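Below: one structure, written as structure tokens.
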Amino acid sequence: MAVVVKDRQLLHVEVRGVVQGVGFRPFVYQLAVRHNLGGWVCNTSGAVIIEVEGEKAVLDRFLPELESTAPPESHIESISALEKTAVGYERFDIRPSIVRSGEYQLISPDLATCDACREDIADPHNRRYRYPFTNCTNCGPRFTIIEDIPYDRSRTTMRHFEMCPECHGEYDNPLERRFHAQPNACSHCGPALELVNSEGNNVPCEDVLNNAAQLLKQGKILAIKGLGGFLLACDATSDEAVTRLRQRKRRQFKPLAIMVTSTSQVEQYCWVSPDENEILNSSSSPIVLLKWKPNSLISAEVAPGLKYLGVMLPYTPLHHLLMAEVGLPLVMTSGNFSEEPIIKDNDEALRRLSGIADYLLMHNRGIFSQYDDSVTQVELGKTQVLRRARGYAPYPITLTFQTGQILACGAELKNTFCLIREKYAFISQHIGDLKNMESMDHYEDTIELYKRLFRIEPAVVAYDMHPDYLSTKYAMALQDKGGDLDFMAVQHHHAHIASCLADNGVQEKVIGIAFDGTGYGTDGAIWGGEVLVADMSHFERVAHFEYVPLPGGAASIKKPYRMAVSYLYHYFGEDIFSRCPLSFMKQVSDEEIGLIKKAIDGRLNCPMTSSCGRLFDALSSLIGIRGIVDYDAQAVVEMEMAATGMALDAVTDTYPYGIKYEDSQYIVCFADLFMAVIEDLRFGKGQGVIARKVHNTTARIILDVCSRVSKERGVNVVALSGGVFQNRLLLRQVSNILTDYGFTVLTHSKVPCNDGGISLGQAVIASARLS
């Protein structure tokens, strides 16, 4: 029983942030015991609550240490302390969790295996030696197993595994690093591996991991169940194995990621900067795009025609153990078919991956939410997230303002959605392209999960203006159901710029450069080469690339040579095809050229576009780099690769272009550019030189337009957004040239510049308009 003690002070402390599932309560317990303080700590649905009692001088040390020495994977957003009357706590306890209706907490992403757990699985004397599901409060699954909050084992997929006495002892001991580690288990009581063939028959073996490793060494393809779903793996040094994987997955050219055992092995294949090394070894452990060393042992089929390789290190004990057994770099790519979500359940994997994988390495720990690997690169001295999923989501973007509860539905391609409340923007993990029912089911299920976890009931729904996007149709279906929801259409490129502003914590008006492939414009045309003067609530289109026909609509995206024909016909008429024989024309029949011209003349399925992505497609095809694509932006990516290299850094020339002023907008015209490219082709200039000049010219155009707009509007901050700015060379050129001329340049870091960031932009625009 507590006894009142004089000269003691009691503090009631609330800590908010990612402070559950990361060892925060045992940390508080140990800190309090070390300072000889009484009281208690517990989780609630909204925060960690601490009551701590002791001498004032000691409490004055306790509070700063609470923040400065917190567990490495915790993220403290706020600490509030209220002084109360001392009650005489005789000891410090950890109390059971408290469920509070309507409250929510921040949830940790899944975390890569910590050093201590890696030591456990490598130690023959440790009871978790070679146990592939080892974890502690500093690492392991979090978001992928959580069904609801507070984060207790009973609300995770681990509730089906009853801990053995030894594991329970760790779980209950606040001095153990596995205290209340909800996925805690061992080989006696936890999840187990199973190796089956493509028919689903168990493969008898004494050592599953060793057997799986031998199969990979033999060139077999394995489907491996990981944290957020199945990955398809094969020997990354074998042309035959990688080619077979591509054929079975129907993924002819799109680059694949690889996994290697350590940083030292990465350095055998790629150049790695200190910043890149830090990201590789972080608890997020994403795929990092690294510059590929020539004559590498990695098969050229892993990333055909590219100079960058997607690399990650093992991030689960299963990966560490398997990689150590194999001793080879492995391709690790999402276990799915093109444009479908990653597969997470064993039964579905057997049904759908057996035509790709020779064997499946499965386990019986449930995955509640699918989770792809994140993709990052380091450019302009900072990390840029290109696909935000494992290791990052669902940790929120912290806004610089308070807001109500809003759902933003995102775009069609590279979809994410965003739910915001108060100062937090919860951007979903990468959902993918919304082009089939499997993706839509994943999308809708994940929206419901986020609403439940973060106790959000949106009052407003924001969506893209494009009427045919499935994300827009989802919003329209909500509208049809009635209720008190407000609905707000948001223009695609305004959302791009707003997402960049939110990413940088900026609310002021900027010149927004929104360059991408496709976005529905306010005039019904397909935008994509846009210059806006914008803030989070409004935008004005002040410049854009000249409209040209998009023959066949989406067909031109798959066949960039159609855009080359369109630009040439638009600017020079029919004579250009006979007057200037061009090599790219060899892949286009006279009949198809006739059909394209007929479609343009009759405006038959031929919307107008200002897209920078389509301009680059046309130029890539024209100079003979890529006329037909296998994956999104392939032609543009390969043109960037052709333009990249030390030998081309000396190419500083630009092509001519025109700018006209109509209806209060600058319009960039490319007739002179195309004719100059044709002249360079006629005189035998190499693809790399021409591609570099195209990049130089694009950077010069941006500077030219920004200078005019800045002079007129008095705006000196430029935000760069849209998928085109995944192009490292162009991003670097544009940022450098604008900075040299005195502009402040904002680029993306925490959220993708591509359509994966659109949902954040929609959400903050909706919030700004409401306020």
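Note on naming: chains are A, B, ... as they come in the structure tokens, residues start from 1 per chain, ligands start from 1 in the order shown.
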
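Selecting strand (DSSP E or B) from the backbone DSSP output for range 269-356 of chain A yields Cys270, Trp271, Ile287, Val288, Leu289, Leu290, Lys291, Trp292, Tyr308, Leu309, Gly310, Val311, Met312, Leu330, Val331, Met332, Thr333 and Ser334 of chain A.
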
Mind dumping the selected residues with N, CA and C atoms as an mmCIF file, in the first residue's frame?
data_model
loop_
_atom_site.group_PDB
_atom_site.id
_atom_site.type_symbol
_atom_site.label_atom_id
_atom_site.label_comp_id
_atom_site.auth_asym_id
_atom_site.auth_seq_id
_atom_site.Cartn_x
_atom_site.Cartn_y
_atom_site.Cartn_z
ATOM 1 N N CYS A 270 29.147 -2.585 -56.697
ATOM 2 C CA CYS A 270 28.685 -1.204 -56.856
ATOM 3 C C CYS A 270 29.593 -0.246 -56.099
ATOM 4 N N TRP A 271 29.573 1.021 -56.524
ATOM 5 C CA TRP A 271 30.189 2.070 -55.736
ATOM 6 C C TRP A 271 29.200 2.485 -54.658
ATOM 7 N N ILE A 287 15.748 -0.975 -50.392
ATOM 8 C CA ILE A 287 16.528 -1.098 -51.622
ATOM 9 C C ILE A 287 17.148 0.270 -51.895
ATOM 10 N N VAL A 288 18.446 0.288 -52.198
ATOM 11 C CA VAL A 288 19.136 1.530 -52.540
ATOM 12 C C VAL A 288 19.670 1.397 -53.969
ATOM 13 N N LEU A 289 19.383 2.398 -54.800
ATOM 14 C CA LEU A 289 19.887 2.389 -56.169
ATOM 15 C C LEU A 289 21.329 2.869 -56.162
ATOM 16 N N LEU A 290 22.235 1.970 -56.537
ATOM 17 C CA LEU A 290 23.672 2.237 -56.485
ATOM 18 C C LEU A 290 24.273 2.167 -57.879
ATOM 19 N N LYS A 291 25.336 2.936 -58.082
ATOM 20 C CA LYS A 291 26.013 2.927 -59.384
ATOM 21 C C LYS A 291 26.746 1.599 -59.565
ATOM 22 N N TRP A 292 26.461 0.949 -60.653
ATOM 23 C CA TRP A 292 26.928 -0.398 -60.946
ATOM 24 C C TRP A 292 28.365 -0.356 -61.468
ATOM 25 N N TYR A 308 22.500 1.708 -62.874
ATOM 26 C CA TYR A 308 22.246 1.652 -61.440
ATOM 27 C C TYR A 308 21.591 0.322 -61.106
ATOM 28 N N LEU A 309 21.939 -0.187 -59.939
ATOM 29 C CA LEU A 309 21.460 -1.489 -59.489
ATOM 30 C C LEU A 309 20.751 -1.322 -58.152
ATOM 31 N N GLY A 310 19.562 -1.906 -58.029
ATOM 32 C CA GLY A 310 18.832 -1.875 -56.762
ATOM 33 C C GLY A 310 19.368 -2.939 -55.824
ATOM 34 N N VAL A 311 19.915 -2.520 -54.682
ATOM 35 C CA VAL A 311 20.600 -3.431 -53.761
ATOM 36 C C VAL A 311 20.022 -3.276 -52.359
ATOM 37 N N MET A 312 19.845 -4.404 -51.668
ATOM 38 C CA MET A 312 19.470 -4.358 -50.253
ATOM 39 C C MET A 312 20.249 -5.420 -49.491
ATOM 40 N N LEU A 330 21.610 -12.732 -54.478
ATOM 41 C CA LEU A 330 20.351 -13.280 -54.986
ATOM 42 C C LEU A 330 19.463 -12.171 -55.524
ATOM 43 N N VAL A 331 18.814 -12.452 -56.638
ATOM 44 C CA VAL A 331 17.691 -11.602 -57.033
ATOM 45 C C VAL A 331 16.608 -11.765 -55.980
ATOM 46 N N MET A 332 16.019 -10.653 -55.540
ATOM 47 C CA MET A 332 14.880 -10.676 -54.621
ATOM 48 C C MET A 332 13.851 -9.680 -55.161
ATOM 49 N N THR A 333 12.835 -10.215 -55.806
ATOM 50 C CA THR A 333 11.814 -9.362 -56.411
ATOM 51 C C THR A 333 10.435 -9.764 -55.907
ATOM 52 N N SER A 334 9.503 -8.844 -55.959
ATOM 53 C CA SER A 334 8.169 -9.066 -55.389
ATOM 54 C C SER A 334 7.515 -10.313 -55.977
#

Task: 7 Å contact set for Leu453 in chain A, only C-alpha atoms, chain neighbours under 5 positions out, as a ChimeraX atom specification - done: /A:104,148-149

- [ ] Using backbone DSSP assignments, extract all alpha helix (DSSP H) residues from range 55-298 of chain A; output them as a ChimeraX atom specification.
- [x] /A:56-68,115-122,165-172,208-217,239-249,263-269,274-280

Task: Selection near range 178-184 of chain A, 6 Å with only C-alpha atoms, sequence-local residues under 4 positions removed, as a PyMOL selection string - done: chain A and resi 136-137+153+158+170-174

Open item on the list: Residues near Thr652 in chain A, anyone? I mean within 10 Å using only C-alpha atoms, not counting same-chain ones fewer than 4 positions away, as a list in words.
Closed with: Leu648, Val689, Arg692, Lys693, His695, Asn696 and Thr697 of chain A

TODO: Show which residues sit within 7 Å of Pro71 in chain A, as a VMD selection string. Count only C-alpha atoms, and ignore same-chain residues fewer than 6 positions away.
DONE: chain A and resid 22 to 24

Residue subset to file, keeping N, CA and C atoms, as a PDB file, in the first residue's frame:
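File written: selection_29.pdb
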ATOM      1  N   VAL A  22       8.757  -0.783 -29.166  1.00  0.00           N
ATOM      2  CA  VAL A  22      10.167  -0.473 -29.421  1.00  0.00           C
ATOM      3  C   VAL A  22      10.974  -0.494 -28.121  1.00  0.00           C
ATOM      4  N   GLY A  23      10.456  -1.168 -27.099  1.00  0.00           N
ATOM      5  CA  GLY A  23      11.194  -1.288 -25.840  1.00  0.00           C
ATOM      6  C   GLY A  23      11.128  -0.070 -24.957  1.00  0.00           C
ATOM      7  N   PHE A  24      10.093   0.743 -25.119  1.00  0.00           N
ATOM      8  CA  PHE A  24      10.056   1.992 -24.362  1.00  0.00           C
ATOM      9  C   PHE A  24       9.707   1.775 -22.901  1.00  0.00           C
TER      10      PHE A  24
END
